[in-house]
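Text of coords08.txt, listed as compact mmCIF, N, CA and C atoms:
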# COMPACT_ATOMS: atom_id res chain seq x y z
N MET F 1 -4.00 -7.98 -6.75
CA MET F 1 -3.57 -7.32 -7.96
C MET F 1 -2.32 -6.47 -7.68
N ALA F 2 -2.30 -5.78 -6.54
CA ALA F 2 -1.13 -4.95 -6.21
C ALA F 2 0.12 -5.80 -6.12
N LYS F 3 0.01 -6.98 -5.54
CA LYS F 3 1.18 -7.86 -5.43
C LYS F 3 1.71 -8.24 -6.80
N ASP F 4 0.81 -8.45 -7.77
CA ASP F 4 1.24 -8.79 -9.13
C ASP F 4 2.10 -7.68 -9.74
N PHE F 5 1.91 -6.47 -9.29
CA PHE F 5 2.66 -5.32 -9.79
C PHE F 5 3.79 -4.91 -8.84
N ASP F 6 4.01 -5.73 -7.82
CA ASP F 6 5.02 -5.43 -6.80
C ASP F 6 4.73 -4.08 -6.14
N LEU F 7 3.45 -3.86 -5.82
CA LEU F 7 3.00 -2.65 -5.15
C LEU F 7 2.41 -3.01 -3.80
N GLU F 8 2.35 -2.05 -2.93
CA GLU F 8 1.76 -2.24 -1.61
C GLU F 8 0.63 -1.24 -1.42
N LEU F 9 -0.51 -1.72 -0.94
CA LEU F 9 -1.65 -0.85 -0.68
C LEU F 9 -1.56 -0.35 0.77
N LEU F 10 -1.59 0.94 0.92
CA LEU F 10 -1.51 1.56 2.24
C LEU F 10 -2.62 2.58 2.40
N PRO F 11 -3.08 2.81 3.61
CA PRO F 11 -4.07 3.87 3.81
C PRO F 11 -3.44 5.24 3.58
N ASP F 12 -4.26 6.21 3.34
CA ASP F 12 -3.79 7.58 3.14
C ASP F 12 -2.97 8.00 4.35
N PRO F 13 -1.71 8.37 4.16
CA PRO F 13 -0.88 8.74 5.32
C PRO F 13 -1.26 10.08 5.94
N ASN F 14 -2.04 10.86 5.22
CA ASN F 14 -2.43 12.18 5.72
C ASN F 14 -3.89 12.47 5.37
N PRO F 15 -4.84 11.71 5.92
CA PRO F 15 -6.25 11.90 5.53
C PRO F 15 -6.79 13.28 5.90
N MET F 16 -6.21 13.91 6.88
CA MET F 16 -6.69 15.24 7.27
C MET F 16 -6.44 16.29 6.19
N ALA F 17 -5.55 16.00 5.25
CA ALA F 17 -5.28 16.93 4.15
C ALA F 17 -6.44 16.94 3.15
N GLY F 18 -7.27 15.90 3.17
CA GLY F 18 -8.45 15.86 2.31
C GLY F 18 -8.17 15.70 0.83
N HIS F 19 -7.06 15.05 0.46
CA HIS F 19 -6.72 14.91 -0.96
C HIS F 19 -7.81 14.18 -1.74
N TYR F 20 -8.40 13.14 -1.17
CA TYR F 20 -9.43 12.39 -1.89
C TYR F 20 -10.63 13.28 -2.19
N TYR F 21 -10.98 14.13 -1.26
CA TYR F 21 -12.15 15.00 -1.41
C TYR F 21 -11.91 16.15 -2.37
N ARG F 22 -10.67 16.33 -2.77
CA ARG F 22 -10.33 17.37 -3.75
C ARG F 22 -9.90 16.76 -5.08
N SER F 23 -10.03 15.44 -5.19
CA SER F 23 -9.59 14.75 -6.40
C SER F 23 -10.61 14.92 -7.53
N ASP F 24 -10.15 14.67 -8.74
CA ASP F 24 -11.04 14.75 -9.91
C ASP F 24 -12.14 13.71 -9.86
N HIS F 25 -11.87 12.57 -9.26
CA HIS F 25 -12.84 11.48 -9.25
C HIS F 25 -13.76 11.51 -8.02
N PHE F 26 -13.63 12.49 -7.17
CA PHE F 26 -14.51 12.59 -6.01
C PHE F 26 -15.96 12.75 -6.45
N SER F 27 -16.19 13.43 -7.57
CA SER F 27 -17.58 13.61 -8.04
C SER F 27 -18.23 12.26 -8.34
N LEU F 28 -17.45 11.25 -8.71
CA LEU F 28 -18.01 9.91 -8.91
C LEU F 28 -18.38 9.28 -7.57
N ALA F 29 -17.47 9.36 -6.62
CA ALA F 29 -17.71 8.77 -5.30
C ALA F 29 -18.95 9.39 -4.64
N ARG F 30 -19.11 10.69 -4.80
CA ARG F 30 -20.26 11.39 -4.19
C ARG F 30 -21.59 10.82 -4.58
N VAL F 31 -21.67 10.29 -5.80
CA VAL F 31 -22.94 9.73 -6.27
C VAL F 31 -22.93 8.20 -6.20
N GLY F 32 -21.93 7.64 -5.49
CA GLY F 32 -21.93 6.22 -5.21
C GLY F 32 -21.10 5.35 -6.13
N ILE F 33 -20.43 5.93 -7.10
CA ILE F 33 -19.60 5.14 -8.01
C ILE F 33 -18.23 4.95 -7.38
N PRO F 34 -17.83 3.71 -7.11
CA PRO F 34 -16.53 3.49 -6.47
C PRO F 34 -15.39 4.11 -7.27
N ALA F 35 -14.56 4.82 -6.58
CA ALA F 35 -13.40 5.48 -7.19
C ALA F 35 -12.26 5.42 -6.19
N PHE F 36 -11.06 5.27 -6.69
CA PHE F 36 -9.91 5.16 -5.80
C PHE F 36 -8.78 6.06 -6.28
N SER F 37 -7.86 6.30 -5.42
CA SER F 37 -6.68 7.10 -5.75
C SER F 37 -5.45 6.20 -5.76
N VAL F 38 -4.58 6.43 -6.72
CA VAL F 38 -3.31 5.73 -6.80
C VAL F 38 -2.24 6.79 -6.65
N ASP F 39 -1.40 6.61 -5.65
CA ASP F 39 -0.35 7.58 -5.36
C ASP F 39 0.98 6.84 -5.32
N PRO F 40 2.02 7.41 -5.89
CA PRO F 40 3.30 6.71 -5.93
C PRO F 40 3.99 6.60 -4.58
N GLY F 41 3.58 7.39 -3.61
CA GLY F 41 4.24 7.35 -2.31
C GLY F 41 5.59 8.04 -2.35
N ASP F 42 6.42 7.75 -1.37
CA ASP F 42 7.70 8.44 -1.23
C ASP F 42 8.92 7.54 -1.40
N LEU F 43 8.73 6.30 -1.80
CA LEU F 43 9.86 5.40 -1.95
C LEU F 43 10.24 5.32 -3.43
N TYR F 44 11.44 5.79 -3.76
CA TYR F 44 11.92 5.84 -5.13
C TYR F 44 13.12 4.93 -5.30
N GLU F 45 13.22 4.31 -6.45
CA GLU F 45 14.33 3.41 -6.74
C GLU F 45 15.67 4.13 -6.53
N GLY F 46 16.54 3.50 -5.77
CA GLY F 46 17.86 4.07 -5.53
C GLY F 46 17.92 5.05 -4.38
N HIS F 47 16.79 5.27 -3.69
CA HIS F 47 16.73 6.24 -2.59
C HIS F 47 15.92 5.63 -1.45
N ASP F 48 16.13 6.15 -0.26
CA ASP F 48 15.30 5.70 0.86
C ASP F 48 14.04 6.55 0.93
N GLU F 49 13.11 6.14 1.77
CA GLU F 49 11.82 6.83 1.87
C GLU F 49 11.97 8.26 2.38
N ALA F 50 12.96 8.49 3.25
CA ALA F 50 13.19 9.85 3.77
C ALA F 50 13.55 10.81 2.64
N TRP F 51 14.33 10.34 1.67
CA TRP F 51 14.69 11.18 0.52
C TRP F 51 13.43 11.54 -0.27
N GLY F 52 12.60 10.54 -0.54
CA GLY F 52 11.37 10.79 -1.29
C GLY F 52 10.44 11.73 -0.57
N HIS F 53 10.35 11.57 0.73
CA HIS F 53 9.49 12.45 1.53
C HIS F 53 10.01 13.90 1.47
N ALA F 54 11.32 14.07 1.56
CA ALA F 54 11.91 15.42 1.48
C ALA F 54 11.65 16.04 0.11
N GLN F 55 11.74 15.23 -0.96
CA GLN F 55 11.46 15.73 -2.31
C GLN F 55 10.01 16.20 -2.42
N SER F 56 9.11 15.39 -1.88
CA SER F 56 7.69 15.72 -1.93
C SER F 56 7.38 17.00 -1.15
N GLU F 57 7.91 17.10 0.05
CA GLU F 57 7.70 18.30 0.86
C GLU F 57 8.24 19.54 0.16
N ASP F 58 9.42 19.43 -0.43
CA ASP F 58 10.01 20.56 -1.14
C ASP F 58 9.15 20.97 -2.33
N TYR F 59 8.66 19.99 -3.09
CA TYR F 59 7.83 20.29 -4.25
C TYR F 59 6.55 21.02 -3.84
N VAL F 60 5.89 20.51 -2.81
CA VAL F 60 4.64 21.13 -2.36
C VAL F 60 4.91 22.54 -1.83
N LYS F 61 5.96 22.70 -1.08
CA LYS F 61 6.27 24.00 -0.47
C LYS F 61 6.72 25.05 -1.49
N HIS F 62 7.48 24.63 -2.48
CA HIS F 62 8.10 25.61 -3.38
C HIS F 62 7.56 25.63 -4.81
N HIS F 63 6.77 24.62 -5.22
CA HIS F 63 6.37 24.57 -6.63
C HIS F 63 4.88 24.31 -6.88
N TYR F 64 4.23 23.52 -6.02
CA TYR F 64 2.85 23.10 -6.27
C TYR F 64 1.93 24.32 -6.43
N HIS F 65 1.26 24.39 -7.59
CA HIS F 65 0.34 25.48 -7.94
C HIS F 65 1.02 26.84 -7.91
N GLN F 66 2.27 26.86 -8.30
CA GLN F 66 3.03 28.11 -8.42
C GLN F 66 3.60 28.15 -9.84
N PRO F 67 4.11 29.31 -10.27
CA PRO F 67 4.64 29.38 -11.64
C PRO F 67 5.69 28.32 -11.96
N SER F 68 6.42 27.85 -10.99
CA SER F 68 7.45 26.83 -11.23
C SER F 68 6.89 25.41 -11.28
N ASP F 69 5.57 25.26 -11.16
CA ASP F 69 4.91 23.95 -11.20
C ASP F 69 4.77 23.53 -12.66
N GLU F 70 5.87 23.05 -13.23
CA GLU F 70 5.88 22.66 -14.62
C GLU F 70 6.84 21.49 -14.82
N TYR F 71 6.78 20.89 -15.99
CA TYR F 71 7.60 19.75 -16.32
C TYR F 71 9.09 20.08 -16.17
N GLN F 72 9.82 19.11 -15.62
CA GLN F 72 11.27 19.21 -15.50
C GLN F 72 11.88 18.03 -16.26
N ALA F 73 12.86 18.29 -17.09
CA ALA F 73 13.45 17.24 -17.94
C ALA F 73 14.10 16.12 -17.14
N ASN F 74 14.46 16.35 -15.91
CA ASN F 74 15.12 15.31 -15.11
C ASN F 74 14.14 14.38 -14.39
N TRP F 75 12.85 14.57 -14.56
CA TRP F 75 11.87 13.71 -13.90
C TRP F 75 11.91 12.30 -14.50
N ASP F 76 11.69 11.31 -13.67
CA ASP F 76 11.69 9.92 -14.08
C ASP F 76 10.25 9.41 -13.95
N PHE F 77 9.65 9.04 -15.06
CA PHE F 77 8.24 8.64 -15.07
C PHE F 77 8.03 7.13 -15.10
N ARG F 78 9.08 6.34 -14.88
CA ARG F 78 8.91 4.89 -14.91
C ARG F 78 7.90 4.42 -13.86
N GLY F 79 7.95 5.00 -12.66
CA GLY F 79 7.00 4.63 -11.62
C GLY F 79 5.57 4.99 -12.00
N ASN F 80 5.41 6.15 -12.64
CA ASN F 80 4.07 6.58 -13.07
C ASN F 80 3.52 5.63 -14.13
N ALA F 81 4.39 5.15 -15.02
CA ALA F 81 3.95 4.21 -16.06
C ALA F 81 3.48 2.91 -15.41
N LYS F 82 4.19 2.46 -14.39
CA LYS F 82 3.80 1.24 -13.68
C LYS F 82 2.44 1.43 -13.00
N LEU F 83 2.23 2.59 -12.37
CA LEU F 83 0.95 2.86 -11.72
C LEU F 83 -0.18 2.98 -12.74
N ALA F 84 0.12 3.53 -13.91
CA ALA F 84 -0.90 3.62 -14.96
C ALA F 84 -1.31 2.23 -15.44
N ARG F 85 -0.33 1.35 -15.62
CA ARG F 85 -0.65 -0.03 -16.02
C ARG F 85 -1.47 -0.73 -14.93
N PHE F 86 -1.08 -0.52 -13.67
CA PHE F 86 -1.82 -1.11 -12.56
C PHE F 86 -3.27 -0.62 -12.56
N GLY F 87 -3.47 0.68 -12.69
CA GLY F 87 -4.82 1.24 -12.70
C GLY F 87 -5.65 0.73 -13.86
N PHE F 88 -5.01 0.59 -15.03
CA PHE F 88 -5.72 0.08 -16.20
C PHE F 88 -6.17 -1.36 -15.96
N VAL F 89 -5.25 -2.21 -15.52
CA VAL F 89 -5.59 -3.62 -15.31
C VAL F 89 -6.65 -3.76 -14.21
N LEU F 90 -6.49 -3.00 -13.14
CA LEU F 90 -7.47 -3.06 -12.06
C LEU F 90 -8.86 -2.65 -12.56
N GLY F 91 -8.93 -1.59 -13.32
CA GLY F 91 -10.21 -1.15 -13.88
C GLY F 91 -10.78 -2.16 -14.86
N TRP F 92 -9.91 -2.74 -15.68
CA TRP F 92 -10.35 -3.74 -16.64
C TRP F 92 -10.95 -4.95 -15.93
N LEU F 93 -10.25 -5.43 -14.90
CA LEU F 93 -10.76 -6.58 -14.15
C LEU F 93 -12.06 -6.25 -13.42
N ALA F 94 -12.16 -5.04 -12.91
CA ALA F 94 -13.40 -4.63 -12.25
C ALA F 94 -14.55 -4.61 -13.24
N SER F 95 -14.28 -4.18 -14.47
CA SER F 95 -15.35 -4.11 -15.48
C SER F 95 -15.82 -5.48 -15.92
N GLU F 96 -15.00 -6.51 -15.72
CA GLU F 96 -15.36 -7.86 -16.12
C GLU F 96 -16.10 -8.64 -15.03
N GLN F 97 -16.29 -8.03 -13.87
CA GLN F 97 -16.97 -8.72 -12.78
C GLN F 97 -18.45 -8.91 -13.12
N PRO F 98 -19.02 -10.05 -12.70
CA PRO F 98 -20.44 -10.29 -13.02
C PRO F 98 -21.38 -9.32 -12.30
N LYS F 99 -20.95 -8.79 -11.17
CA LYS F 99 -21.75 -7.82 -10.42
C LYS F 99 -20.95 -6.53 -10.27
N PRO F 100 -21.61 -5.39 -10.17
CA PRO F 100 -20.88 -4.14 -10.00
C PRO F 100 -20.02 -4.15 -8.73
N VAL F 101 -18.91 -3.45 -8.79
CA VAL F 101 -18.05 -3.29 -7.62
C VAL F 101 -18.83 -2.50 -6.58
N GLU F 102 -18.75 -2.92 -5.33
CA GLU F 102 -19.50 -2.29 -4.25
C GLU F 102 -18.55 -1.58 -3.29
N TRP F 103 -19.09 -0.65 -2.55
CA TRP F 103 -18.36 -0.03 -1.46
C TRP F 103 -18.30 -1.01 -0.30
N LYS F 104 -17.31 -0.88 0.54
CA LYS F 104 -17.26 -1.69 1.75
C LYS F 104 -18.44 -1.29 2.62
N PRO F 105 -19.07 -2.27 3.31
CA PRO F 105 -20.20 -1.93 4.19
C PRO F 105 -19.81 -0.86 5.20
N GLY F 106 -20.66 0.14 5.30
CA GLY F 106 -20.41 1.23 6.24
C GLY F 106 -19.60 2.37 5.68
N ASP F 107 -19.09 2.24 4.45
CA ASP F 107 -18.32 3.34 3.86
C ASP F 107 -19.22 4.55 3.69
N GLU F 108 -18.65 5.72 3.81
CA GLU F 108 -19.47 6.94 3.75
C GLU F 108 -20.17 7.14 2.42
N PHE F 109 -19.70 6.47 1.36
CA PHE F 109 -20.33 6.63 0.04
C PHE F 109 -21.28 5.49 -0.30
N GLU F 110 -21.39 4.50 0.57
CA GLU F 110 -22.25 3.36 0.32
C GLU F 110 -23.72 3.77 0.17
N SER F 111 -24.17 4.70 1.01
CA SER F 111 -25.58 5.10 0.96
C SER F 111 -25.92 5.77 -0.36
N ALA F 112 -24.99 6.54 -0.93
CA ALA F 112 -25.24 7.18 -2.22
C ALA F 112 -25.40 6.12 -3.30
N ARG F 113 -24.62 5.06 -3.22
CA ARG F 113 -24.71 3.96 -4.20
C ARG F 113 -26.06 3.28 -4.09
N LYS F 114 -26.47 2.97 -2.86
CA LYS F 114 -27.75 2.30 -2.66
C LYS F 114 -28.90 3.18 -3.13
N LYS F 115 -28.77 4.49 -2.91
CA LYS F 115 -29.80 5.43 -3.32
C LYS F 115 -29.93 5.46 -4.85
N SER F 116 -28.80 5.40 -5.54
CA SER F 116 -28.82 5.44 -7.01
C SER F 116 -29.36 4.15 -7.62
N GLU F 117 -29.32 3.05 -6.87
CA GLU F 117 -29.82 1.78 -7.38
C GLU F 117 -31.33 1.64 -7.23
N GLN F 118 -31.94 2.53 -6.47
CA GLN F 118 -33.38 2.43 -6.24
C GLN F 118 -34.18 2.99 -7.40

How does the structure come out when it is put into structure tokens?
Amino acid sequence: MAKDFDLELLPDPNPMAGHYYRSDHFSLARVGIPAFSVDPGDLYEGHDEAWGHAQSEDYVKHHYHQPSDEYQANWDFRGNAKLARFGFVLGWLASEQPKPVEWKPGDEFESARKKSEQ
């Protein structure tokens, strides 16, 4: 599905930061409902990845959860729209599966899913 959207699936580049465990959908995963995160990454059209990484670091350091953490008119949301369409289609296709989506064997949330099915 990611290839259909010209996207690449990558593991969390900074799992020690615990972003998944602080996400809004973590409460679903805790009880065994598969949930995933979609992140735009640091590669932006017209720029190299180093530029995107610098933008992200600057935002987190100077704006994230601070008074300046607000909408800026110069932001480009085309990438976000693409990710929203990807998430919608992925969820739609998952809902059409004959069997519920499962966790990968051995995943830390697999046992919660099995427990809820009993």

Exercise. Got a sec: who's within 12 Å of segment 4-19 of chain F, counting only C-alpha atoms, leaving out chain neighbours fewer than 5 positions off, as a list in words?
Worked result: Asp24, His25, Phe26, Phe36, Ser37, Val38, Asp39, Pro40, Gly41, Asp42, Leu43, His53, Gly79, Ala81, Lys82, Leu83, Ala84, Arg85, Phe86, Gly87, Phe88, Val89 and Leu90 of chain F

For this session: For atom C of Tyr64 of chain F and atom C of Gly52 of chain F, determine how far apart the two atoms are, in Å to one decimal place.
Result: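 For atom C of Tyr64 of chain F relative to atom C of Gly52 of chain F, the distance reads 16.3 Å.
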
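The gap separating atom N of Ala112 of chain F from atom N of Gly32 of chain F is 5.6 Å, in Å to one decimal.
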
Problem set entry | Glu108 of chain F surroundings by all atoms listed in the file, 8 Å radius, close-in-sequence under 5 positions cut, as number ranges by chain | F: 29-30, 32, 103, 113

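Among F:Ala73, F:His65, F:Glu102, F:Leu93, the residue with the shortest atom-to-atom distance to Glu117 of chain F, counting only C-alpha atoms, is F:Glu102.
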
Exercise. Could you write out, as a PyMOL selection string, all the residues of chain F that DSSP marks as helix (DSSP H, G or I)?
Worked result: chain F and resi 3-5+15-17+20-22+26-30+49-62+78-95+110-117

Exercise. Quick one: distance from atom CA of Asp69 of chain F to atom CA of Ser27 of chain F in Å, one decimal?
Worked result: 25.0 Å
